[in-house]
Amino acid sequence: MKEENKKVLNSLIFPFCFLTIIWLIKLIEYVFHLDFSDYGILPLQARGLIGIITAPLIHASFSHLLANSAPLFLLSWGIFYFYREVAIKVSIMIYILTGLWVWIIARDAYHIGASGIIYGYASFLFCSGVLRRDGKLMAISMLIIFLYGGMVWGIFPMKEQVSWESHLMGLIAGVVIAWFYRHQGPQSKKYEWEEEQDDEIEPEPSEIEQPSILKEELSINFYQHIN
């Protein structure tokens, strides 16, 4: 129980710190009457490259920030709780790839907000659960659909003031990274009855078949060695 509590608390560190940073930035804007929108992503402009790092930290209004805060907190917590072995790598890749792709393909405007990262987290959690075929993780995938299935409409150019490009690039980044890390982190496990069933149906090799079986085993061992 103590280990589980420790795991839960550790997985809250990143979401809490990230939300604290973006709220502090918005409060600084408000208190000192500043506008950090110029630090957003400006596609295909050299001065817009800084936005790959800074854009997710900047929001147009408090309502924009409020709308992003809850899903950002919950989804990032899900990444760090269920995929703690690769959570940092996944977060960095979603952050950088989403921003870079927006800089390459998006409209000529400043793109700000953390919604691209939210889409990246959501698609990663969904796809990872499906790819790993783990019951618990697939349940998380279904929960993502239930809670955030409506997000899919955000990848279409329906509102002029909304960066649908960030949403789309984040979604694609999450899918790509889920595939890339499909063999790292939690994996589905066989139950004992499945292993016993495999043992029962596995035929005993005869003396005549022995050479070909040895060859296959050597091939497998060699493959495992080089990997």
# chains A, B, ... in the order shown; residues from 1 in each chain; ligands from 1
>>> select_by_dssp(residues="region 6-188 of chain A", states="helix (DSSP H, G or I)", output="ChimeraX atom specification")
/A:6-31,37-39,46-48,51-57,62-82,87-105,115-132,135-155,164-180
>>> closest_atom_pairs(of="region 11-41 of chain A", to="region 64-75 of chain A", cutoff="12 Å", atoms="only C-alpha atoms", output="Markdown table")
| residue | atom | partner | partner_atom | distance |
| --- | --- | --- | --- | --- |
| A:Ser11 | CA | A:Leu74 | CA | 10.5 |
| A:Leu12 | CA | A:Phe73 | CA | 8.5 |
| A:Ile13 | CA | A:Phe73 | CA | 10.3 |
| A:Phe14 | CA | A:Phe73 | CA | 8.8 |
| A:Pro15 | CA | A:Phe73 | CA | 5.1 |
| A:Phe16 | CA | A:Phe73 | CA | 7.3 |
| A:Cys17 | CA | A:Phe73 | CA | 9.9 |
| A:Phe18 | CA | A:Phe73 | CA | 8.5 |
| A:Leu19 | CA | A:Ser69 | CA | 6.9 |
| A:Thr20 | CA | A:Ser69 | CA | 10.1 |
| A:Ile21 | CA | A:Ser69 | CA | 11.5 |
| A:Ile22 | CA | A:Leu65 | CA | 8.2 |
| A:Trp23 | CA | A:Leu65 | CA | 7.7 |
| A:Leu24 | CA | A:Leu65 | CA | 11.2 |
| A:Ile25 | CA | A:Leu65 | CA | 10.7 |
| A:Lys26 | CA | A:Leu65 | CA | 8.3 |
| A:Leu27 | CA | A:Leu65 | CA | 10.9 |
>>> write_last_selection(atoms="C-alpha atoms", output="tab-separated table (two decimals), in the first residue's frame")
chain	number	residue	atom	x	y	z
A	11	SER	CA	3.12	10.68	-10.75
A	12	LEU	CA	1.56	13.95	-9.57
A	13	ILE	CA	4.85	15.87	-9.50
A	14	PHE	CA	5.05	16.69	-13.21
A	15	PRO	CA	1.36	17.66	-13.68
A	16	PHE	CA	1.48	19.90	-10.60
A	17	CYS	CA	4.74	21.61	-11.63
A	18	PHE	CA	3.66	22.14	-15.23
A	19	LEU	CA	0.31	23.64	-14.23
A	20	THR	CA	2.02	25.86	-11.65
A	21	ILE	CA	4.34	27.25	-14.34
A	22	ILE	CA	1.63	28.05	-16.88
A	23	TRP	CA	-0.59	29.64	-14.24
A	24	LEU	CA	2.29	31.77	-12.95
A	25	ILE	CA	3.02	32.95	-16.48
A	26	LYS	CA	-0.62	33.95	-16.99
A	27	LEU	CA	-0.71	35.76	-13.65
>>> closest_residue(among="A:Leu171, A:Ala60, A:Ile105, A:Val176", to="Ser37 (chain A)", atoms="only C-alpha atoms")
A:Ala60
>>> closest_residue(among="A:Gln184, A:Thr98, A:Gln45, A:Ser61", to="Leu131 (chain A)", atoms="only C-alpha atoms")
A:Gln184
>>> closest_residue(among="A:Ile28, A:Ile172, A:Ile52, A:Lys6", to="Ile104 (chain A)", atoms="only C-alpha atoms")
A:Ile52
>>> residues_around(residues="region 89-91 of chain A", least_positions_apart="6", cutoff="12 Å", atoms="only C-alpha atoms", output="JSON, numbers by chain")
{"A": [14, 15, 18, 72, 75, 76, 77, 78, 79, 80, 83, 97, 98, 116, 117, 118, 119, 120, 121, 122, 123, 124, 125, 128, 170, 173, 174, 175, 176, 177, 178, 179, 180, 181, 182, 184, 185]}
>>> write_last_selection(atoms="N, CA and C atoms", output="JSON list (two decimals), in the first residue's frame")
[["chain", "number", "residue", "atom", "x", "y", "z"],
["A", 14, "PHE", "N", 4.98, 15.98, -11.93],
["A", 14, "PHE", "CA", 5.05, 16.69, -13.21],
["A", 14, "PHE", "C", 3.79, 17.48, -13.50],
["A", 15, "PRO", "N", 2.57, 16.88, -13.41],
["A", 15, "PRO", "CA", 1.36, 17.66, -13.68],
["A", 15, "PRO", "C", 1.25, 18.91, -12.79],
["A", 18, "PHE", "N", 3.96, 21.54, -13.92],
["A", 18, "PHE", "CA", 3.66, 22.14, -15.23],
["A", 18, "PHE", "C", 2.49, 23.13, -15.11],
["A", 72, "LEU", "N", -5.14, 18.59, -19.07],
["A", 72, "LEU", "CA", -3.69, 18.51, -19.02],
["A", 72, "LEU", "C", -3.23, 17.81, -17.75],
["A", 75, "LEU", "N", -4.44, 13.88, -17.91],
["A", 75, "LEU", "CA", -3.76, 13.07, -18.93],
["A", 75, "LEU", "C", -2.27, 12.93, -18.63],
["A", 76, "SER", "N", -1.65, 14.01, -18.18],
["A", 76, "SER", "CA", -0.22, 13.90, -17.84],
["A", 76, "SER", "C", -0.04, 13.00, -16.62],
["A", 77, "TRP", "N", -0.98, 13.06, -15.68],
["A", 77, "TRP", "CA", -0.92, 12.13, -14.55],
["A", 77, "TRP", "C", -1.02, 10.69, -15.04],
["A", 78, "GLY", "N", -1.91, 10.44, -16.01],
["A", 78, "GLY", "CA", -2.04, 9.09, -16.56],
["A", 78, "GLY", "C", -0.76, 8.59, -17.21],
["A", 79, "ILE", "N", -0.07, 9.49, -17.91],
["A", 79, "ILE", "CA", 1.20, 9.12, -18.53],
["A", 79, "ILE", "C", 2.22, 8.74, -17.47],
["A", 80, "PHE", "N", 2.35, 9.57, -16.44],
["A", 80, "PHE", "CA", 3.38, 9.34, -15.43],
["A", 80, "PHE", "C", 3.01, 8.22, -14.45],
["A", 83, "TYR", "N", 2.82, 4.82, -17.32],
["A", 83, "TYR", "CA", 3.99, 4.64, -18.20],
["A", 83, "TYR", "C", 5.21, 5.33, -17.62],
["A", 97, "LEU", "N", 7.89, 17.50, -30.96],
["A", 97, "LEU", "CA", 7.36, 17.14, -32.28],
["A", 97, "LEU", "C", 6.11, 17.94, -32.62],
["A", 98, "THR", "N", 5.22, 18.10, -31.66],
["A", 98, "THR", "CA", 4.00, 18.87, -31.92],
["A", 98, "THR", "C", 4.36, 20.30, -32.32],
["A", 116, "GLY", "N", -2.18, 21.25, -27.88],
["A", 116, "GLY", "CA", -1.49, 20.27, -28.72],
["A", 116, "GLY", "C", -0.90, 19.15, -27.88],
["A", 117, "ILE", "N", -0.36, 19.50, -26.71],
["A", 117, "ILE", "CA", 0.18, 18.48, -25.81],
["A", 117, "ILE", "C", -0.94, 17.61, -25.25],
["A", 118, "ILE", "N", -2.08, 18.22, -24.96],
["A", 118, "ILE", "CA", -3.24, 17.47, -24.47],
["A", 118, "ILE", "C", -3.67, 16.43, -25.49],
["A", 119, "TYR", "N", -3.74, 16.81, -26.75],
["A", 119, "TYR", "CA", -4.10, 15.86, -27.81],
["A", 119, "TYR", "C", -3.04, 14.77, -27.94],
["A", 120, "GLY", "N", -1.77, 15.15, -27.76],
["A", 120, "GLY", "CA", -0.70, 14.17, -27.83],
["A", 120, "GLY", "C", -0.80, 13.15, -26.71],
["A", 121, "TYR", "N", -1.06, 13.61, -25.50],
["A", 121, "TYR", "CA", -1.22, 12.71, -24.36],
["A", 121, "TYR", "C", -2.42, 11.78, -24.56],
["A", 122, "ALA", "N", -3.54, 12.35, -25.00],
["A", 122, "ALA", "CA", -4.75, 11.55, -25.16],
["A", 122, "ALA", "C", -4.56, 10.46, -26.21],
["A", 123, "SER", "N", -3.97, 10.80, -27.34],
["A", 123, "SER", "CA", -3.79, 9.80, -28.39],
["A", 123, "SER", "C", -2.74, 8.77, -27.99],
["A", 124, "PHE", "N", -1.72, 9.19, -27.23],
["A", 124, "PHE", "CA", -0.73, 8.23, -26.76],
["A", 124, "PHE", "C", -1.36, 7.22, -25.81],
["A", 125, "LEU", "N", -2.14, 7.70, -24.84],
["A", 125, "LEU", "CA", -2.78, 6.80, -23.89],
["A", 125, "LEU", "C", -3.72, 5.83, -24.58],
["A", 128, "SER", "N", -1.54, 3.39, -26.98],
["A", 128, "SER", "CA", -0.67, 2.50, -26.21],
["A", 128, "SER", "C", -1.46, 1.37, -25.58],
["A", 170, "GLY", "N", -0.53, 17.33, -32.52],
["A", 170, "GLY", "CA", -0.40, 16.65, -31.24],
["A", 170, "GLY", "C", -0.97, 15.24, -31.30],
["A", 173, "ALA", "N", 1.42, 13.09, -33.26],
["A", 173, "ALA", "CA", 2.63, 12.84, -32.47],
["A", 173, "ALA", "C", 2.38, 11.76, -31.43],
["A", 174, "GLY", "N", 1.23, 11.81, -30.77],
["A", 174, "GLY", "CA", 0.90, 10.79, -29.77],
["A", 174, "GLY", "C", 0.82, 9.40, -30.36],
["A", 175, "VAL", "N", 0.22, 9.29, -31.54],
["A", 175, "VAL", "CA", 0.11, 7.99, -32.21],
["A", 175, "VAL", "C", 1.48, 7.46, -32.59],
["A", 176, "VAL", "N", 2.30, 8.30, -33.19],
["A", 176, "VAL", "CA", 3.64, 7.89, -33.62],
["A", 176, "VAL", "C", 4.49, 7.46, -32.42],
["A", 177, "ILE", "N", 4.44, 8.21, -31.34],
["A", 177, "ILE", "CA", 5.25, 7.91, -30.17],
["A", 177, "ILE", "C", 4.74, 6.65, -29.47],
["A", 178, "ALA", "N", 3.43, 6.45, -29.47],
["A", 178, "ALA", "CA", 2.88, 5.21, -28.89],
["A", 178, "ALA", "C", 3.41, 3.99, -29.65],
["A", 179, "TRP", "N", 3.49, 4.09, -30.95],
["A", 179, "TRP", "CA", 4.04, 2.99, -31.76],
["A", 179, "TRP", "C", 5.54, 2.82, -31.49],
["A", 180, "PHE", "N", 6.24, 3.93, -31.40],
["A", 180, "PHE", "CA", 7.69, 3.89, -31.20],
["A", 180, "PHE", "C", 8.04, 3.23, -29.87],
["A", 181, "TYR", "N", 7.26, 3.49, -28.83],
["A", 181, "TYR", "CA", 7.55, 2.96, -27.49],
["A", 181, "TYR", "C", 6.67, 1.76, -27.14],
["A", 182, "ARG", "N", 6.11, 1.10, -28.14],
["A", 182, "ARG", "CA", 5.18, 0.00, -27.86],
["A", 182, "ARG", "C", 5.83, -1.16, -27.12],
["A", 184, "GLN", "N", 8.32, -0.72, -24.88],
["A", 184, "GLN", "CA", 8.88, -0.23, -23.63],
["A", 184, "GLN", "C", 7.74, 0.15, -22.68],
["A", 185, "GLY", "N", 8.01, 0.08, -21.39],
["A", 185, "GLY", "CA", 6.97, 0.36, -20.42],
["A", 185, "GLY", "C", 6.15, -0.89, -20.12]]
>>> closest_residue(among="A:Arg84, A:Arg107, A:Leu168, A:Tyr95", to="Pro186 (chain A)", atoms="only C-alpha atoms")
A:Arg84
>>> residues_around(residues="Gly48 (chain A)", least_positions_apart="6", cutoff="12 Å", atoms="only C-alpha atoms", output="VMD selection string")
chain A and resid 37 to 42 54 to 55 99 to 100 102 to 104 106 108 to 112
>>> atom_distance(atom1="CA of Glu85 (chain A)", atom2="CA of Leu147 (chain A)")
24.9 Å
>>> closest_residue(among="A:Ile53, A:Leu34, A:Met1, A:Ile145", to="Ala114 (chain A)", atoms="only C-alpha atoms")
A:Ile53
>>> closest_residue(among="A:Gln187, A:Ser115, A:Val162, A:Phe82", to="Arg133 (chain A)", atoms="only C-alpha atoms")
A:Gln187
>>> residues_around(residues="Phe156 (chain A)", least_positions_apart="4", cutoff="10 Å", atoms="only C-alpha atoms", output="list of chain:residue names")
A:Val152, A:Val162, A:Ser163, A:Trp164, A:Glu165, A:His167, A:Leu168
>>> write_last_selection(atoms="N, CA and C atoms", output="PDB file, in the first residue's frame")
ATOM      1  N   VAL A 152     -12.000  14.978 -30.959  1.00  0.00           N
ATOM      2  CA  VAL A 152     -11.664  14.694 -32.357  1.00  0.00           C
ATOM      3  C   VAL A 152     -12.108  15.824 -33.277  1.00  0.00           C
ATOM      4  N   VAL A 162      -9.071  29.129 -33.424  1.00  0.00           N
ATOM      5  CA  VAL A 162      -8.568  27.918 -32.762  1.00  0.00           C
ATOM      6  C   VAL A 162      -7.475  27.284 -33.610  1.00  0.00           C
ATOM      7  N   SER A 163      -6.365  26.938 -32.989  1.00  0.00           N
ATOM      8  CA  SER A 163      -5.252  26.312 -33.718  1.00  0.00           C
ATOM      9  C   SER A 163      -5.523  24.812 -33.879  1.00  0.00           C
ATOM     10  N   TRP A 164      -6.351  24.492 -34.876  1.00  0.00           N
ATOM     11  CA  TRP A 164      -6.636  23.077 -35.135  1.00  0.00           C
ATOM     12  C   TRP A 164      -5.371  22.344 -35.565  1.00  0.00           C
ATOM     13  N   GLU A 165      -4.409  23.087 -36.134  1.00  0.00           N
ATOM     14  CA  GLU A 165      -3.143  22.463 -36.528  1.00  0.00           C
ATOM     15  C   GLU A 165      -2.399  21.893 -35.324  1.00  0.00           C
ATOM     16  N   HIS A 167      -3.781  20.849 -32.566  1.00  0.00           N
ATOM     17  CA  HIS A 167      -4.529  19.663 -32.154  1.00  0.00           C
ATOM     18  C   HIS A 167      -4.171  18.463 -33.032  1.00  0.00           C
ATOM     19  N   LEU A 168      -4.169  18.685 -34.337  1.00  0.00           N
ATOM     20  CA  LEU A 168      -3.893  17.593 -35.274  1.00  0.00           C
ATOM     21  C   LEU A 168      -2.472  17.083 -35.129  1.00  0.00           C
TER      22      LEU A 168
END
>>> atom_distance(atom1="CA of Gly113 (chain A)", atom2="CA of Ser63 (chain A)")
11.6 Å
